[in-house]
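For reference, final.cif is printed below; it contains mmCIF, C-alpha atoms.
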data_input
#
loop_
_atom_site.label_atom_id
_atom_site.label_comp_id
_atom_site.auth_asym_id
_atom_site.auth_seq_id
_atom_site.Cartn_x
_atom_site.Cartn_y
_atom_site.Cartn_z
CA MET A 297 155.53 206.46 118.74
CA SER A 298 158.67 204.42 119.37
CA ARG A 299 157.81 202.17 116.40
CA LEU A 300 157.51 205.24 114.16
CA LEU A 301 160.90 206.53 115.31
CA SER A 302 162.40 203.10 114.76
CA VAL A 303 161.10 203.00 111.19
CA TRP A 304 162.44 206.52 110.49
CA ARG A 305 165.85 205.62 111.93
CA ARG A 306 165.97 202.51 109.77
CA ALA A 307 164.94 204.46 106.66
CA ALA A 308 167.56 207.13 107.36
CA SER A 309 170.26 204.53 107.91
CA LEU A 310 169.42 202.88 104.60
CA GLY A 311 168.88 206.08 102.63
CA TRP A 312 171.82 208.28 103.61
CA PRO A 313 174.20 206.91 100.93
CA VAL A 314 171.72 207.77 98.17
CA ALA A 315 171.16 211.22 99.63
CA VAL A 316 174.92 211.84 99.70
CA GLN A 317 175.29 210.60 96.11
CA GLN A 318 172.53 212.90 94.85
CA THR A 319 174.04 215.82 96.75
CA PHE A 320 177.40 215.26 95.06
CA ASN A 321 175.75 214.91 91.63
CA THR A 322 174.09 218.29 92.12
CA LEU A 323 177.21 219.83 93.61
CA MET A 324 179.33 218.74 90.64
CA ARG A 325 177.32 220.80 88.14
CA THR A 326 176.95 223.68 90.60
CA VAL A 327 180.71 223.92 91.02
CA ASP A 328 181.11 223.89 87.22
CA LEU A 329 178.74 226.85 86.95
CA VAL A 330 180.40 228.77 89.79
CA VAL A 331 183.88 228.29 88.33
CA THR A 332 182.80 229.24 84.80
CA GLY A 333 181.09 232.29 86.24
CA LEU A 334 184.57 233.59 86.99
CA PHE A 335 185.30 233.66 83.25
CA SER A 336 182.26 235.13 81.52
CA PRO A 337 178.48 235.01 81.21
CA ALA A 338 178.96 233.19 77.88
CA ALA A 339 180.85 230.42 79.68
CA VAL A 340 177.98 230.04 82.16
CA ALA A 341 175.53 229.83 79.27
CA ALA A 342 177.72 227.24 77.52
CA VAL A 343 177.96 225.02 80.60
CA GLY A 344 174.28 225.44 81.38
CA LEU A 345 173.21 224.42 77.89
CA ALA A 346 175.71 221.58 77.68
CA ASP A 347 174.43 220.27 81.01
CA LEU A 348 171.06 219.58 79.40
CA TYR A 349 172.73 217.02 77.14
CA ALA A 350 175.13 215.84 79.85
CA GLN A 351 172.15 214.60 81.85
CA VAL A 352 171.60 211.80 79.32
CA PRO A 353 174.73 209.73 80.06
CA LEU A 354 174.42 210.59 83.75
CA ARG A 355 170.90 209.15 83.88
CA VAL A 356 171.90 206.09 81.84
CA GLY A 357 174.78 205.46 84.22
CA LEU A 358 172.61 205.94 87.29
CA ALA A 359 170.01 203.55 85.89
CA LEU A 360 172.61 200.89 85.12
CA GLY A 361 174.17 201.39 88.54
CA ALA A 362 170.85 201.09 90.35
CA GLY A 363 169.95 197.96 88.41
CA SER A 364 173.29 196.30 89.02
CA ILE A 365 173.16 197.18 92.72
CA ALA A 366 169.70 195.63 93.00
CA LEU A 367 170.73 192.46 91.20
CA SER A 368 174.07 192.09 92.94
CA SER A 369 172.59 192.65 96.40
CA GLN A 370 169.93 190.02 95.78
CA ASP A 371 172.53 187.56 94.53
CA THR A 372 174.84 188.36 97.43
CA GLY A 373 171.98 187.81 99.88
CA ARG A 374 171.29 184.35 98.52
CA GLY A 375 174.96 183.45 98.20
CA ALA A 376 175.00 183.31 94.39
CA ASP A 377 178.44 184.77 93.82
CA LEU A 378 178.70 183.61 90.20
CA THR A 379 175.47 185.27 89.05
CA ARG A 380 176.34 188.38 91.08
CA ASP A 381 179.66 188.67 89.29
CA ARG A 382 177.95 188.14 85.94
CA ALA A 383 175.39 190.87 86.67
CA ILE A 384 178.11 193.35 87.61
CA THR A 385 180.21 192.42 84.57
CA GLN A 386 177.22 192.81 82.26
CA ALA A 387 176.36 196.20 83.76
CA LEU A 388 179.93 197.38 83.18
CA LEU A 389 179.93 196.12 79.60
CA ILE A 390 176.54 197.64 78.84
CA GLY A 391 177.74 200.91 80.36
CA ALA A 392 180.82 200.90 78.16
CA LEU A 393 178.79 200.04 75.06
CA CYS A 394 176.31 202.83 75.83
CA GLY A 395 179.08 205.26 76.70
CA LEU A 396 181.17 204.93 73.56
CA PRO A 397 178.51 206.32 71.19
CA MET A 398 177.83 209.13 73.66
CA VAL A 399 181.52 210.07 73.67
CA ALA A 400 181.48 210.09 69.86
CA VAL A 401 178.38 212.29 69.82
CA GLY A 402 179.90 214.68 72.36
CA VAL A 403 183.20 214.96 70.49
CA LEU A 404 181.81 215.14 66.96
CA PHE A 405 178.51 216.98 67.42
CA GLY A 406 178.81 218.86 70.73
CA GLY A 407 178.88 222.32 69.18
CA PRO A 408 175.99 221.72 66.76
CA LEU A 409 173.90 220.21 69.56
CA ILE A 410 174.40 223.32 71.67
CA ALA A 411 173.66 225.54 68.65
CA LEU A 412 170.44 223.58 68.14
CA LEU A 413 169.25 225.07 71.43
CA GLY A 414 169.65 228.57 70.00
CA ALA A 415 173.07 229.46 71.38
CA GLU A 416 175.33 232.00 69.73
CA PRO A 417 178.36 230.56 67.86
CA GLY A 418 180.87 231.36 70.65
CA VAL A 419 178.62 229.82 73.30
CA ALA A 420 178.00 226.78 71.10
CA ASP A 421 181.74 226.22 70.58
CA ALA A 422 182.53 226.52 74.29
CA GLY A 423 179.56 224.35 75.21
CA GLY A 424 180.61 221.76 72.63
CA ARG A 425 184.09 221.54 74.14
CA TYR A 426 182.61 221.19 77.64
CA LEU A 427 180.16 218.55 76.41
CA ALA A 428 182.98 216.55 74.78
CA ILE A 429 184.93 216.58 78.04
CA VAL A 430 181.93 215.63 80.17
CA PHE A 431 180.84 212.85 77.79
CA ALA A 432 184.36 211.45 77.66
#
As a first step, turn the structure in this file into structure tokens.
Amino acid sequence: MSRLLSVWRRAASLGWPVAVQQTFNTLMRTVDLVVTGLFSPAAVAAVGLADLYAQVPLRVGLALGAGSIALSSQDTGRGADLTRDRAITQALLIGALCGLPMVAVGVLFGGPLIALLGAEPGVADAGGRYLAIVFA
């Protein structure tokens, strides 16, 4: 029994930062919806629909972050500072190169992308503006 508790304590001590990160990711969109709910139902619809597209850069960023953390922690553990720094630099550059087209898509095509989901013109315009801000 004590071994089981020891393993759970170890898992909790290693996992709490990820749990906190995921909580804040969820809370960020929840706060957006609560605040827009003060304006109008159309604003809630706009943010809700735009969030479907906003998940794409979020997931790309999380994937790049997880990969760079894995590589940099392995390199740090074996004392390979040069390759660690290269891995982090490459992750940042890849993130920027992936992010720039997403910003362009959000700014130029945000409204039409929301309209593609069947939104009314006013909702599509508001969602497009929100998407441009989130992508940027």
Running the PyMOL selection byres ((chain A and resi 411) around 12) on this model by hand, what would come out? Give it as an mmCIF file with C-alpha atoms, in the frame of the given file.
data_model
loop_
_atom_site.group_PDB
_atom_site.id
_atom_site.type_symbol
_atom_site.label_atom_id
_atom_site.label_comp_id
_atom_site.auth_asym_id
_atom_site.auth_seq_id
_atom_site.Cartn_x
_atom_site.Cartn_y
_atom_site.Cartn_z
ATOM 1 C CA ALA A 341 175.530 229.830 79.270
ATOM 2 C CA ALA A 342 177.720 227.240 77.520
ATOM 3 C CA LEU A 345 173.210 224.420 77.890
ATOM 4 C CA ALA A 346 175.710 221.580 77.680
ATOM 5 C CA PHE A 405 178.510 216.980 67.420
ATOM 6 C CA GLY A 406 178.810 218.860 70.730
ATOM 7 C CA GLY A 407 178.880 222.320 69.180
ATOM 8 C CA PRO A 408 175.990 221.720 66.760
ATOM 9 C CA LEU A 409 173.900 220.210 69.560
ATOM 10 C CA ILE A 410 174.400 223.320 71.670
ATOM 11 C CA LEU A 412 170.440 223.580 68.140
ATOM 12 C CA LEU A 413 169.250 225.070 71.430
ATOM 13 C CA GLY A 414 169.650 228.570 70.000
ATOM 14 C CA ALA A 415 173.070 229.460 71.380
ATOM 15 C CA GLU A 416 175.330 232.000 69.730
ATOM 16 C CA PRO A 417 178.360 230.560 67.860
ATOM 17 C CA GLY A 418 180.870 231.360 70.650
ATOM 18 C CA VAL A 419 178.620 229.820 73.300
ATOM 19 C CA ALA A 420 178.000 226.780 71.100
ATOM 20 C CA ASP A 421 181.740 226.220 70.580
ATOM 21 C CA ALA A 422 182.530 226.520 74.290
ATOM 22 C CA GLY A 423 179.560 224.350 75.210
ATOM 23 C CA GLY A 424 180.610 221.760 72.630
#
*Carefully work through the PyMOL selection byres ((chain A and resi 357) around 12) for this structure and note down the residues it includes, as a list in words.*
Ala350, Gln351, Val352, Pro353, Leu354, Arg355, Val356, Leu358, Ala359, Leu360, Gly361, Ala362, Gly363, Ser364, Ile365, Ala387, Leu388, Leu389, Ile390, Gly391, Ala392, Leu393, Cys394, Gly395, Met398 and Phe431 of chain A
*asked:* When the PyMOL selection byres ((chain A and resi 326-334) around 12) is applied to the structure above, which residues does it catch, written out as a list in words?
replied: Thr319, Phe320, Asn321, Thr322, Leu323, Met324, Arg325, Phe335, Ser336, Pro337, Ala338, Ala339, Val340, Ala341, Ala342, Val343, Gly344, Leu345, Ala346, Asp347, Ala422, Gly423, Tyr426 and Val430 of chain A
Around all the atoms of range 407-414 of chain A listed in the file, draw an axis-aligned box and extend it by 6 Å on each of the six sides; I want its centre and edge lengths in Å to one decimal, as AutoDock Vina command-line options.
--center_x 174.1 --center_y 224.4 --center_z 69.2 --size_x 21.6 --size_y 20.4 --size_z 16.9
_Of the listed residues A:Leu378, A:Val303, A:Ala315, A:Ile429, that which approaches Leu404 in chain A most closely, counting only C-alpha atoms_ = A:Ile429
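Of note, CA of Leu310 in chain A and CA of Ala366 in chain A are spaced 13.7 Å apart.
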_Distance in Å - CA of Pro397 in chain A versus CA of Leu427 in chain A_ =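 Calculated distance between CA of Pro397 in chain A and CA of Leu427 in chain A is 13.4 Å.
Of the listed residues (A:Ala428, A:Arg305, A:Gly311, A:Leu348), A:Ala428 comes nearest to Val399 in chain A; the distances count all atoms listed in the file.
The closest residue to Leu367 in chain A, picked from A:Tyr349, A:Gln317, A:Gln386, A:Leu301 and counting all atoms listed in the file, is A:Gln386.
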*Calculate how many Å separate CA of Arg299 in chain A from CA of Gln370 in chain A, rounding to one decimal.*
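Distance between the two atoms: 26.8 Å.
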Reconstructed range 381-401 of chain A, atom set N, CA, C and O atoms, as a JSON list (two decimals), in the coordinates of the input:
[["chain", "number", "residue", "atom", "x", "y", "z"],
["A", 381, "ASP", "N", 178.53, 188.20, 90.09],
["A", 381, "ASP", "CA", 179.66, 188.67, 89.29],
["A", 381, "ASP", "C", 179.28, 188.87, 87.83],
["A", 381, "ASP", "O", 179.73, 189.81, 87.18],
["A", 382, "ARG", "N", 178.41, 187.99, 87.32],
["A", 382, "ARG", "CA", 177.95, 188.14, 85.94],
["A", 382, "ARG", "C", 177.11, 189.41, 85.78],
["A", 382, "ARG", "O", 177.23, 190.12, 84.79],
["A", 383, "ALA", "N", 176.24, 189.68, 86.74],
["A", 383, "ALA", "CA", 175.39, 190.87, 86.67],
["A", 383, "ALA", "C", 176.24, 192.14, 86.68],
["A", 383, "ALA", "O", 175.99, 193.07, 85.91],
["A", 384, "ILE", "N", 177.24, 192.17, 87.53],
["A", 384, "ILE", "CA", 178.11, 193.35, 87.61],
["A", 384, "ILE", "C", 178.92, 193.49, 86.32],
["A", 384, "ILE", "O", 179.05, 194.59, 85.77],
["A", 385, "THR", "N", 179.44, 192.39, 85.81],
["A", 385, "THR", "CA", 180.21, 192.42, 84.57],
["A", 385, "THR", "C", 179.34, 192.90, 83.41],
["A", 385, "THR", "O", 179.77, 193.73, 82.59],
["A", 386, "GLN", "N", 178.12, 192.39, 83.33],
["A", 386, "GLN", "CA", 177.22, 192.81, 82.26],
["A", 386, "GLN", "C", 176.87, 194.29, 82.37],
["A", 386, "GLN", "O", 176.80, 195.00, 81.36],
["A", 387, "ALA", "N", 176.66, 194.77, 83.58],
["A", 387, "ALA", "CA", 176.36, 196.20, 83.76],
["A", 387, "ALA", "C", 177.53, 197.06, 83.30],
["A", 387, "ALA", "O", 177.34, 198.09, 82.64],
["A", 388, "LEU", "N", 178.75, 196.63, 83.62],
["A", 388, "LEU", "CA", 179.93, 197.38, 83.18],
["A", 388, "LEU", "C", 180.07, 197.36, 81.66],
["A", 388, "LEU", "O", 180.37, 198.39, 81.04],
["A", 389, "LEU", "N", 179.83, 196.22, 81.06],
["A", 389, "LEU", "CA", 179.93, 196.12, 79.60],
["A", 389, "LEU", "C", 178.84, 196.94, 78.91],
["A", 389, "LEU", "O", 179.12, 197.64, 77.93],
["A", 390, "ILE", "N", 177.63, 196.85, 79.42],
["A", 390, "ILE", "CA", 176.54, 197.64, 78.84],
["A", 390, "ILE", "C", 176.83, 199.13, 79.00],
["A", 390, "ILE", "O", 176.59, 199.92, 78.08],
["A", 391, "GLY", "N", 177.37, 199.51, 80.15],
["A", 391, "GLY", "CA", 177.74, 200.91, 80.36],
["A", 391, "GLY", "C", 178.79, 201.38, 79.37],
["A", 391, "GLY", "O", 178.69, 202.48, 78.82],
["A", 392, "ALA", "N", 179.78, 200.54, 79.13],
["A", 392, "ALA", "CA", 180.82, 200.90, 78.16],
["A", 392, "ALA", "C", 180.24, 200.98, 76.74],
["A", 392, "ALA", "O", 180.55, 201.91, 75.99],
["A", 393, "LEU", "N", 179.38, 200.03, 76.39],
["A", 393, "LEU", "CA", 178.79, 200.04, 75.06],
["A", 393, "LEU", "C", 177.84, 201.23, 74.87],
["A", 393, "LEU", "O", 177.74, 201.77, 73.76],
["A", 394, "CYS", "N", 177.16, 201.64, 75.91],
["A", 394, "CYS", "CA", 176.31, 202.83, 75.83],
["A", 394, "CYS", "C", 177.15, 204.10, 75.84],
["A", 394, "CYS", "O", 176.80, 205.09, 75.19],
["A", 395, "GLY", "N", 178.25, 204.07, 76.55],
["A", 395, "GLY", "CA", 179.08, 205.26, 76.70],
["A", 395, "GLY", "C", 179.88, 205.62, 75.47],
["A", 395, "GLY", "O", 180.06, 206.80, 75.17],
["A", 396, "LEU", "N", 180.35, 204.64, 74.73],
["A", 396, "LEU", "CA", 181.17, 204.93, 73.56],
["A", 396, "LEU", "C", 180.44, 205.77, 72.51],
["A", 396, "LEU", "O", 181.00, 206.75, 72.02],
["A", 397, "PRO", "N", 179.20, 205.44, 72.15],
["A", 397, "PRO", "CA", 178.51, 206.32, 71.19],
["A", 397, "PRO", "C", 178.27, 207.72, 71.76],
["A", 397, "PRO", "O", 178.30, 208.70, 71.01],
["A", 398, "MET", "N", 178.05, 207.81, 73.06],
["A", 398, "MET", "CA", 177.83, 209.13, 73.66],
["A", 398, "MET", "C", 179.10, 209.97, 73.60],
["A", 398, "MET", "O", 179.03, 211.18, 73.37],
["A", 399, "VAL", "N", 180.24, 209.35, 73.80],
["A", 399, "VAL", "CA", 181.52, 210.07, 73.67],
["A", 399, "VAL", "C", 181.67, 210.56, 72.23],
["A", 399, "VAL", "O", 182.04, 211.72, 71.99],
["A", 400, "ALA", "N", 181.37, 209.70, 71.28],
["A", 400, "ALA", "CA", 181.48, 210.09, 69.86],
["A", 400, "ALA", "C", 180.55, 211.26, 69.54],
["A", 400, "ALA", "O", 180.95, 212.22, 68.88],
["A", 401, "VAL", "N", 179.33, 211.20, 70.05],
["A", 401, "VAL", "CA", 178.38, 212.29, 69.82],
["A", 401, "VAL", "C", 178.89, 213.58, 70.45],
["A", 401, "VAL", "O", 178.84, 214.65, 69.84]]
